[in-house]
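To start, the structure itself, in structure tokens.
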Amino acid sequence: VRLRPSFGAVNLEDVSAPRCFELERRLVEALDCPVMHDDQHGTAIVVLAALRGACATMARELGRLRVVITGAGAAGVACAEILLAAGVADVTVLDSRGILVPGRPGMNAVKADLAERTNPRRVAGAEAEALAGADVFIGLSCATIPEELLATMAPEPMVFALSNPDPEVHPDLAGRYAPIVATGRSDFPNQINNVLAFPGIFRGALDAGATRITERMKLAAADAIFAVAAEDLAADRIVPSPFDPRVAASVASAVAQAAGE
């Protein structure tokens, strides 16, 4: 707050859940400039862009997917929120105690709220129950996913094993079941890298004179990242390279337009 007069925006990094949610909320309320926690929203934006790329590659509809997210920390909660906002109706989230479902003991306020708005089939249990018949796995925890659970997913699933440095399932193993595999690592295809999002988001917000980064601006950023990838889509290229010079400019333009609207 005291540094605000020297800066145009604030990008928060490496703040753990659940305190990151309160910290971001209080800073948004206190400051008259854009504030974004990158571990939450940067990750979520690039995940949505990658999922759009995967759907386009496989001729699937985003809204009809059954998505499972392991990890209900900063990134997991934000990914669930942006997927719901993008029209994915069936999102199931797990923490270390199992699936978030209304009334389950051991949930903080953020998880309890998310439990009310996700898991529409009210599935209870752990990874085995969540992954049965699922189209998409998004790993944002340190949990290990056994091979036998991948075999229970829907035909031709998508696996985003994003934990670093050790993915929830090794990409080579996931590739036996999933035509599209993404990780958070640079030494495998389809890296989910926040650098695809935050430079353009802040450039666009500053260009537009925005004082907040809204959900609409985040969705616009994801669409812009996907639009760049769409020119050269393939199963191993569902997002652009972090070094693609078109990305930041495209994201900035889309975010500024969304802010203006």
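By order in the structure tokens, chains are A, B, ...; within a chain, residues start at 1; ligands start at 1, following the order shown.
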
(request) For region 57-66 of chain A, list every protein, DNA or RNA residue within 9 Å, evaluated using only C-alpha atoms, and leave out those in the same chain fewer than 4 positions away; present the list as an MDAnalysis selection string. (result) chainID A and resid 51:53 83 86:92 133:137 156 179:180 230 233:235 238

(message) Can you pull out the residues contacting region 209-222 of chain A? Cut-off 8 Å, using only C-alpha atoms, and skip same-chain residues under 5 positions away; I want them as a list in words.
(response)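 Listing them by chain and then by number gives Val28, Asp32, Cys33, Pro34, Val35, Met36, His41, Ile45, Val46, Leu48, Ala49, Ile82, Ala85, Ala86, Ala197, Gly200, Ile201, Val251, Ala252, Ala254, Val255, Ala256, Ala258 and Ala259 of chain A.
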
(message) Considering only alpha helix (DSSP H) as DSSP defines it on the backbone, what residues of region 26-248 of chain A qualify? List them as a VMD selection string.
(response) chain A and resid 26 to 30 38 to 58 74 to 85 109 to 117 127 to 131 147 to 150 171 to 174 198 to 208 215 to 229 246 to 248

Based on the selection just made, write C-alpha atoms of those residues as a PDB file, in the first residue's frame.
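Okay, this is what ended up in again.pdb:
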ATOM      1  CA  ARG A  26      -7.687  -6.476   0.845  1.00  0.00           C
ATOM      2  CA  LEU A  27      -5.166  -5.014  -1.594  1.00  0.00           C
ATOM      3  CA  VAL A  28      -7.794  -4.723  -4.335  1.00  0.00           C
ATOM      4  CA  GLU A  29      -9.989  -2.817  -1.884  1.00  0.00           C
ATOM      5  CA  ALA A  30      -7.146  -0.612  -0.641  1.00  0.00           C
ATOM      6  CA  ASP A  38      -0.151 -14.532 -10.443  1.00  0.00           C
ATOM      7  CA  ASP A  39      -0.109 -17.982  -8.820  1.00  0.00           C
ATOM      8  CA  GLN A  40      -3.904 -17.875  -8.887  1.00  0.00           C
ATOM      9  CA  HIS A  41      -4.978 -16.038 -11.988  1.00  0.00           C
ATOM     10  CA  GLY A  42      -1.954 -16.343 -14.254  1.00  0.00           C
ATOM     11  CA  THR A  43      -2.105 -20.106 -13.913  1.00  0.00           C
ATOM     12  CA  ALA A  44      -5.873 -20.184 -14.416  1.00  0.00           C
ATOM     13  CA  ILE A  45      -5.752 -18.029 -17.542  1.00  0.00           C
ATOM     14  CA  VAL A  46      -3.118 -20.177 -19.239  1.00  0.00           C
ATOM     15  CA  VAL A  47      -4.916 -23.396 -18.216  1.00  0.00           C
ATOM     16  CA  LEU A  48      -8.129 -22.121 -19.831  1.00  0.00           C
ATOM     17  CA  ALA A  49      -6.237 -21.114 -22.981  1.00  0.00           C
ATOM     18  CA  ALA A  50      -4.614 -24.551 -23.134  1.00  0.00           C
ATOM     19  CA  LEU A  51      -7.949 -26.289 -22.608  1.00  0.00           C
ATOM     20  CA  ARG A  52      -9.440 -24.275 -25.480  1.00  0.00           C
ATOM     21  CA  GLY A  53      -6.500 -25.330 -27.617  1.00  0.00           C
ATOM     22  CA  ALA A  54      -6.944 -28.963 -26.644  1.00  0.00           C
ATOM     23  CA  CYS A  55     -10.668 -28.829 -27.433  1.00  0.00           C
ATOM     24  CA  ALA A  56     -10.013 -27.271 -30.838  1.00  0.00           C
ATOM     25  CA  THR A  57      -7.417 -29.923 -31.606  1.00  0.00           C
ATOM     26  CA  MET A  58      -9.734 -32.775 -30.654  1.00  0.00           C
ATOM     27  CA  ALA A  74      -4.319 -20.777  -4.885  1.00  0.00           C
ATOM     28  CA  ALA A  75      -4.036 -22.194  -8.406  1.00  0.00           C
ATOM     29  CA  GLY A  76      -6.648 -24.915  -7.989  1.00  0.00           C
ATOM     30  CA  VAL A  77      -9.336 -22.554  -6.718  1.00  0.00           C
ATOM     31  CA  ALA A  78      -8.615 -19.975  -9.425  1.00  0.00           C
ATOM     32  CA  CYS A  79      -8.676 -22.624 -12.168  1.00  0.00           C
ATOM     33  CA  ALA A  80     -12.051 -23.868 -10.948  1.00  0.00           C
ATOM     34  CA  GLU A  81     -13.396 -20.307 -10.887  1.00  0.00           C
ATOM     35  CA  ILE A  82     -12.277 -19.401 -14.405  1.00  0.00           C
ATOM     36  CA  LEU A  83     -13.527 -22.707 -15.865  1.00  0.00           C
ATOM     37  CA  LEU A  84     -16.934 -22.096 -14.307  1.00  0.00           C
ATOM     38  CA  ALA A  85     -16.916 -18.560 -15.727  1.00  0.00           C
ATOM     39  CA  ALA A 109     -14.512 -20.889   3.985  1.00  0.00           C
ATOM     40  CA  VAL A 110     -13.034 -20.720   0.478  1.00  0.00           C
ATOM     41  CA  LYS A 111     -13.315 -24.480  -0.037  1.00  0.00           C
ATOM     42  CA  ALA A 112     -16.819 -24.599   1.445  1.00  0.00           C
ATOM     43  CA  ASP A 113     -17.980 -21.904  -0.973  1.00  0.00           C
ATOM     44  CA  LEU A 114     -16.353 -23.691  -3.908  1.00  0.00           C
ATOM     45  CA  ALA A 115     -17.965 -26.990  -2.865  1.00  0.00           C
ATOM     46  CA  GLU A 116     -21.401 -25.388  -3.246  1.00  0.00           C
ATOM     47  CA  ARG A 117     -20.676 -24.265  -6.820  1.00  0.00           C
ATOM     48  CA  GLU A 127      -9.183 -39.524  -6.817  1.00  0.00           C
ATOM     49  CA  ALA A 128     -10.666 -42.859  -7.878  1.00  0.00           C
ATOM     50  CA  GLU A 129     -14.249 -41.625  -7.611  1.00  0.00           C
ATOM     51  CA  ALA A 130     -13.466 -38.252  -9.186  1.00  0.00           C
ATOM     52  CA  LEU A 131     -11.518 -39.523 -12.205  1.00  0.00           C
ATOM     53  CA  GLU A 147      -1.741 -45.387 -13.922  1.00  0.00           C
ATOM     54  CA  GLU A 148      -4.789 -47.512 -13.174  1.00  0.00           C
ATOM     55  CA  LEU A 149      -6.840 -44.368 -12.448  1.00  0.00           C
ATOM     56  CA  LEU A 150      -5.954 -42.852 -15.809  1.00  0.00           C
ATOM     57  CA  PRO A 171       4.036 -37.349 -19.354  1.00  0.00           C
ATOM     58  CA  ASP A 172       5.253 -40.520 -21.053  1.00  0.00           C
ATOM     59  CA  LEU A 173       2.956 -42.607 -18.869  1.00  0.00           C
ATOM     60  CA  ALA A 174       0.032 -40.206 -19.313  1.00  0.00           C
ATOM     61  CA  PHE A 198       0.840 -11.620 -16.875  1.00  0.00           C
ATOM     62  CA  PRO A 199       3.004  -9.287 -19.016  1.00  0.00           C
ATOM     63  CA  GLY A 200       0.191  -8.712 -21.498  1.00  0.00           C
ATOM     64  CA  ILE A 201      -2.465  -8.485 -18.789  1.00  0.00           C
ATOM     65  CA  PHE A 202      -0.683  -5.672 -17.001  1.00  0.00           C
ATOM     66  CA  ARG A 203       0.272  -3.934 -20.254  1.00  0.00           C
ATOM     67  CA  GLY A 204      -3.367  -3.965 -21.340  1.00  0.00           C
ATOM     68  CA  ALA A 205      -4.668  -2.860 -17.945  1.00  0.00           C
ATOM     69  CA  LEU A 206      -2.205   0.027 -17.809  1.00  0.00           C
ATOM     70  CA  ASP A 207      -2.949   1.044 -21.411  1.00  0.00           C
ATOM     71  CA  ALA A 208      -6.667   1.169 -20.617  1.00  0.00           C
ATOM     72  CA  GLU A 215     -13.069 -11.693 -14.673  1.00  0.00           C
ATOM     73  CA  ARG A 216     -13.924 -10.468 -18.162  1.00  0.00           C
ATOM     74  CA  MET A 217     -10.350  -9.256 -18.657  1.00  0.00           C
ATOM     75  CA  LYS A 218      -8.989 -12.642 -17.553  1.00  0.00           C
ATOM     76  CA  LEU A 219     -11.266 -14.467 -19.980  1.00  0.00           C
ATOM     77  CA  ALA A 220     -10.180 -12.092 -22.746  1.00  0.00           C
ATOM     78  CA  ALA A 221      -6.534 -12.854 -21.943  1.00  0.00           C
ATOM     79  CA  ALA A 222      -7.163 -16.601 -22.211  1.00  0.00           C
ATOM     80  CA  ASP A 223      -8.953 -16.152 -25.530  1.00  0.00           C
ATOM     81  CA  ALA A 224      -6.056 -14.073 -26.875  1.00  0.00           C
ATOM     82  CA  ILE A 225      -3.483 -16.716 -25.906  1.00  0.00           C
ATOM     83  CA  PHE A 226      -5.610 -19.376 -27.582  1.00  0.00           C
ATOM     84  CA  ALA A 227      -5.992 -17.224 -30.703  1.00  0.00           C
ATOM     85  CA  VAL A 228      -2.211 -17.093 -31.133  1.00  0.00           C
ATOM     86  CA  ALA A 229      -1.950 -20.865 -30.640  1.00  0.00           C
ATOM     87  CA  ARG A 246       2.968 -12.119 -30.560  1.00  0.00           C
ATOM     88  CA  VAL A 247       1.568 -13.286 -27.241  1.00  0.00           C
ATOM     89  CA  ALA A 248       2.073 -10.280 -24.956  1.00  0.00           C
TER      90      ALA A 248
END

(message) For a test of reading the model, state the distance in Å between CA of Arg176 (chain A) and CA of Ala151 (chain A), rounded to one decimal.
(response)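 Between CA of Arg176 (chain A) and CA of Ala151 (chain A) the gap works out to 9.2 Å.
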
Quick one: residues within 12 Å of Asp166 (chain A), only C-alpha atoms, excluding same-chain residues fewer than 3 positions away - as a CSV table (one decimal) with all heavy atoms, in the first residue's frame?
chain,number,residue,atom,x,y,z
A,139,GLY,N,-3.8,-31.3,-12.6
A,139,GLY,CA,-3.1,-31.5,-11.4
A,139,GLY,C,-2.4,-30.3,-10.9
A,139,GLY,O,-1.5,-29.7,-11.6
A,140,LEU,N,-2.7,-29.8,-9.7
A,140,LEU,CA,-2.1,-28.7,-9.1
A,140,LEU,C,-1.8,-28.9,-7.7
A,140,LEU,O,-2.0,-28.1,-6.8
A,140,LEU,CB,-3.1,-27.5,-9.2
A,140,LEU,CG,-3.3,-27.0,-10.7
A,140,LEU,CD1,-4.6,-26.2,-10.8
A,140,LEU,CD2,-2.1,-26.2,-11.2
A,141,SER,N,-1.3,-30.2,-7.4
A,141,SER,CA,-1.0,-30.6,-6.1
A,141,SER,C,0.2,-31.5,-6.2
A,141,SER,O,0.7,-31.8,-7.3
A,141,SER,CB,-2.1,-31.3,-5.4
A,141,SER,OG,-2.3,-32.6,-6.0
A,142,CYS,N,0.7,-32.0,-5.1
A,142,CYS,CA,1.9,-32.9,-5.1
A,142,CYS,C,1.4,-34.3,-5.1
A,142,CYS,O,2.3,-35.2,-5.0
A,142,CYS,CB,2.8,-32.6,-3.9
A,142,CYS,SG,2.0,-32.7,-2.3
A,143,ALA,N,0.1,-34.6,-5.3
A,143,ALA,CA,-0.4,-35.9,-5.3
A,143,ALA,C,0.1,-36.7,-6.5
A,143,ALA,O,0.3,-36.1,-7.6
A,143,ALA,CB,-1.9,-35.9,-5.2
A,144,THR,N,0.3,-38.0,-6.3
A,144,THR,CA,0.7,-38.9,-7.4
A,144,THR,C,-0.6,-39.6,-7.9
A,144,THR,O,-1.3,-40.1,-7.1
A,144,THR,CB,1.7,-39.9,-7.0
A,144,THR,OG1,2.9,-39.2,-6.6
A,144,THR,CG2,2.1,-40.8,-8.2
A,145,ILE,N,-0.8,-39.6,-9.2
A,145,ILE,CA,-1.9,-40.3,-9.8
A,145,ILE,C,-1.5,-41.6,-10.4
A,145,ILE,O,-0.7,-41.6,-11.4
A,145,ILE,CB,-2.6,-39.4,-10.9
A,145,ILE,CG1,-3.0,-38.1,-10.3
A,145,ILE,CG2,-3.8,-40.1,-11.5
A,145,ILE,CD1,-4.0,-38.2,-9.2
A,161,ALA,N,-0.7,-32.4,-16.0
A,161,ALA,CA,0.0,-32.7,-14.8
A,161,ALA,C,1.0,-31.5,-14.5
A,161,ALA,O,2.1,-31.5,-15.0
A,161,ALA,CB,0.7,-34.0,-14.9
A,162,LEU,N,0.6,-30.6,-13.7
A,162,LEU,CA,1.2,-29.3,-13.7
A,162,LEU,C,2.2,-29.0,-12.5
A,162,LEU,O,2.8,-28.0,-12.5
A,162,LEU,CB,0.2,-28.1,-13.8
A,162,LEU,CG,-0.8,-28.2,-14.9
A,162,LEU,CD1,-1.7,-27.0,-14.9
A,162,LEU,CD2,0.0,-28.3,-16.3
A,163,SER,N,2.3,-30.0,-11.6
A,163,SER,CA,3.2,-29.8,-10.5
A,163,SER,C,4.6,-29.8,-10.9
A,163,SER,O,5.0,-30.5,-11.9
A,163,SER,CB,3.0,-30.9,-9.4
A,163,SER,OG,1.8,-30.7,-8.8
A,169,VAL,N,1.7,-37.2,-12.7
A,169,VAL,CA,2.0,-38.4,-13.5
A,169,VAL,C,3.0,-38.1,-14.6
A,169,VAL,O,2.9,-37.0,-15.2
A,169,VAL,CB,0.6,-39.0,-14.1
A,169,VAL,CG1,-0.1,-38.0,-15.0
A,169,VAL,CG2,0.9,-40.3,-14.9
A,170,HIS,N,3.9,-39.0,-14.9
A,170,HIS,CA,4.9,-38.7,-15.9
A,170,HIS,C,4.3,-38.5,-17.2
A,170,HIS,O,3.4,-39.4,-17.6
A,170,HIS,CB,6.0,-39.7,-15.9
A,170,HIS,CG,7.2,-39.3,-16.7
A,170,HIS,ND1,7.3,-39.4,-18.1
A,170,HIS,CD2,8.4,-38.8,-16.3
A,170,HIS,CE1,8.5,-39.0,-18.5
A,170,HIS,NE2,9.2,-38.6,-17.4
A,171,PRO,N,4.7,-37.5,-18.0
A,171,PRO,CA,4.0,-37.3,-19.4
A,171,PRO,C,4.1,-38.6,-20.3
A,171,PRO,O,3.1,-38.8,-21.0
A,171,PRO,CB,4.8,-36.2,-20.0
A,171,PRO,CG,5.4,-35.4,-18.8
A,171,PRO,CD,5.6,-36.5,-17.7
A,183,THR,N,2.3,-30.1,-19.1
A,183,THR,CA,2.9,-30.0,-17.8
A,183,THR,C,3.3,-28.6,-17.5
A,183,THR,O,3.1,-27.7,-18.3
A,183,THR,CB,4.2,-30.9,-17.8
A,183,THR,OG1,5.2,-30.2,-18.6
A,183,THR,CG2,4.0,-32.3,-18.3
A,184,GLY,N,3.9,-28.4,-16.4
A,184,GLY,CA,4.5,-27.0,-16.1
A,184,GLY,C,5.9,-26.9,-16.4
A,184,GLY,O,6.5,-25.9,-16.1
A,185,ARG,N,6.5,-27.9,-17.0
A,185,ARG,CA,7.9,-28.0,-17.3
A,185,ARG,C,8.2,-27.6,-18.7
A,185,ARG,O,7.5,-27.8,-19.7
A,185,ARG,CB,8.5,-29.4,-17.0
A,185,ARG,CG,8.5,-29.7,-15.5
A,185,ARG,CD,8.8,-31.1,-15.2
A,185,ARG,NE,9.9,-31.7,-15.9
A,185,ARG,CZ,10.5,-32.8,-15.6
A,185,ARG,NH1,10.2,-33.4,-14.5
A,185,ARG,NH2,11.5,-33.3,-16.3

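Computed from the coordinates, the CA of Arg122 (chain A) to CA of Ile99 (chain A) distance equals 9.1 Å.
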
(request) Would you mind reading off the distance between CA of Phe7 (chain A) and CA of Phe243 (chain A), one decimal, in Å? (result)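 Taking CA of Phe7 (chain A) and CA of Phe243 (chain A), their separation equals 25.9 Å.
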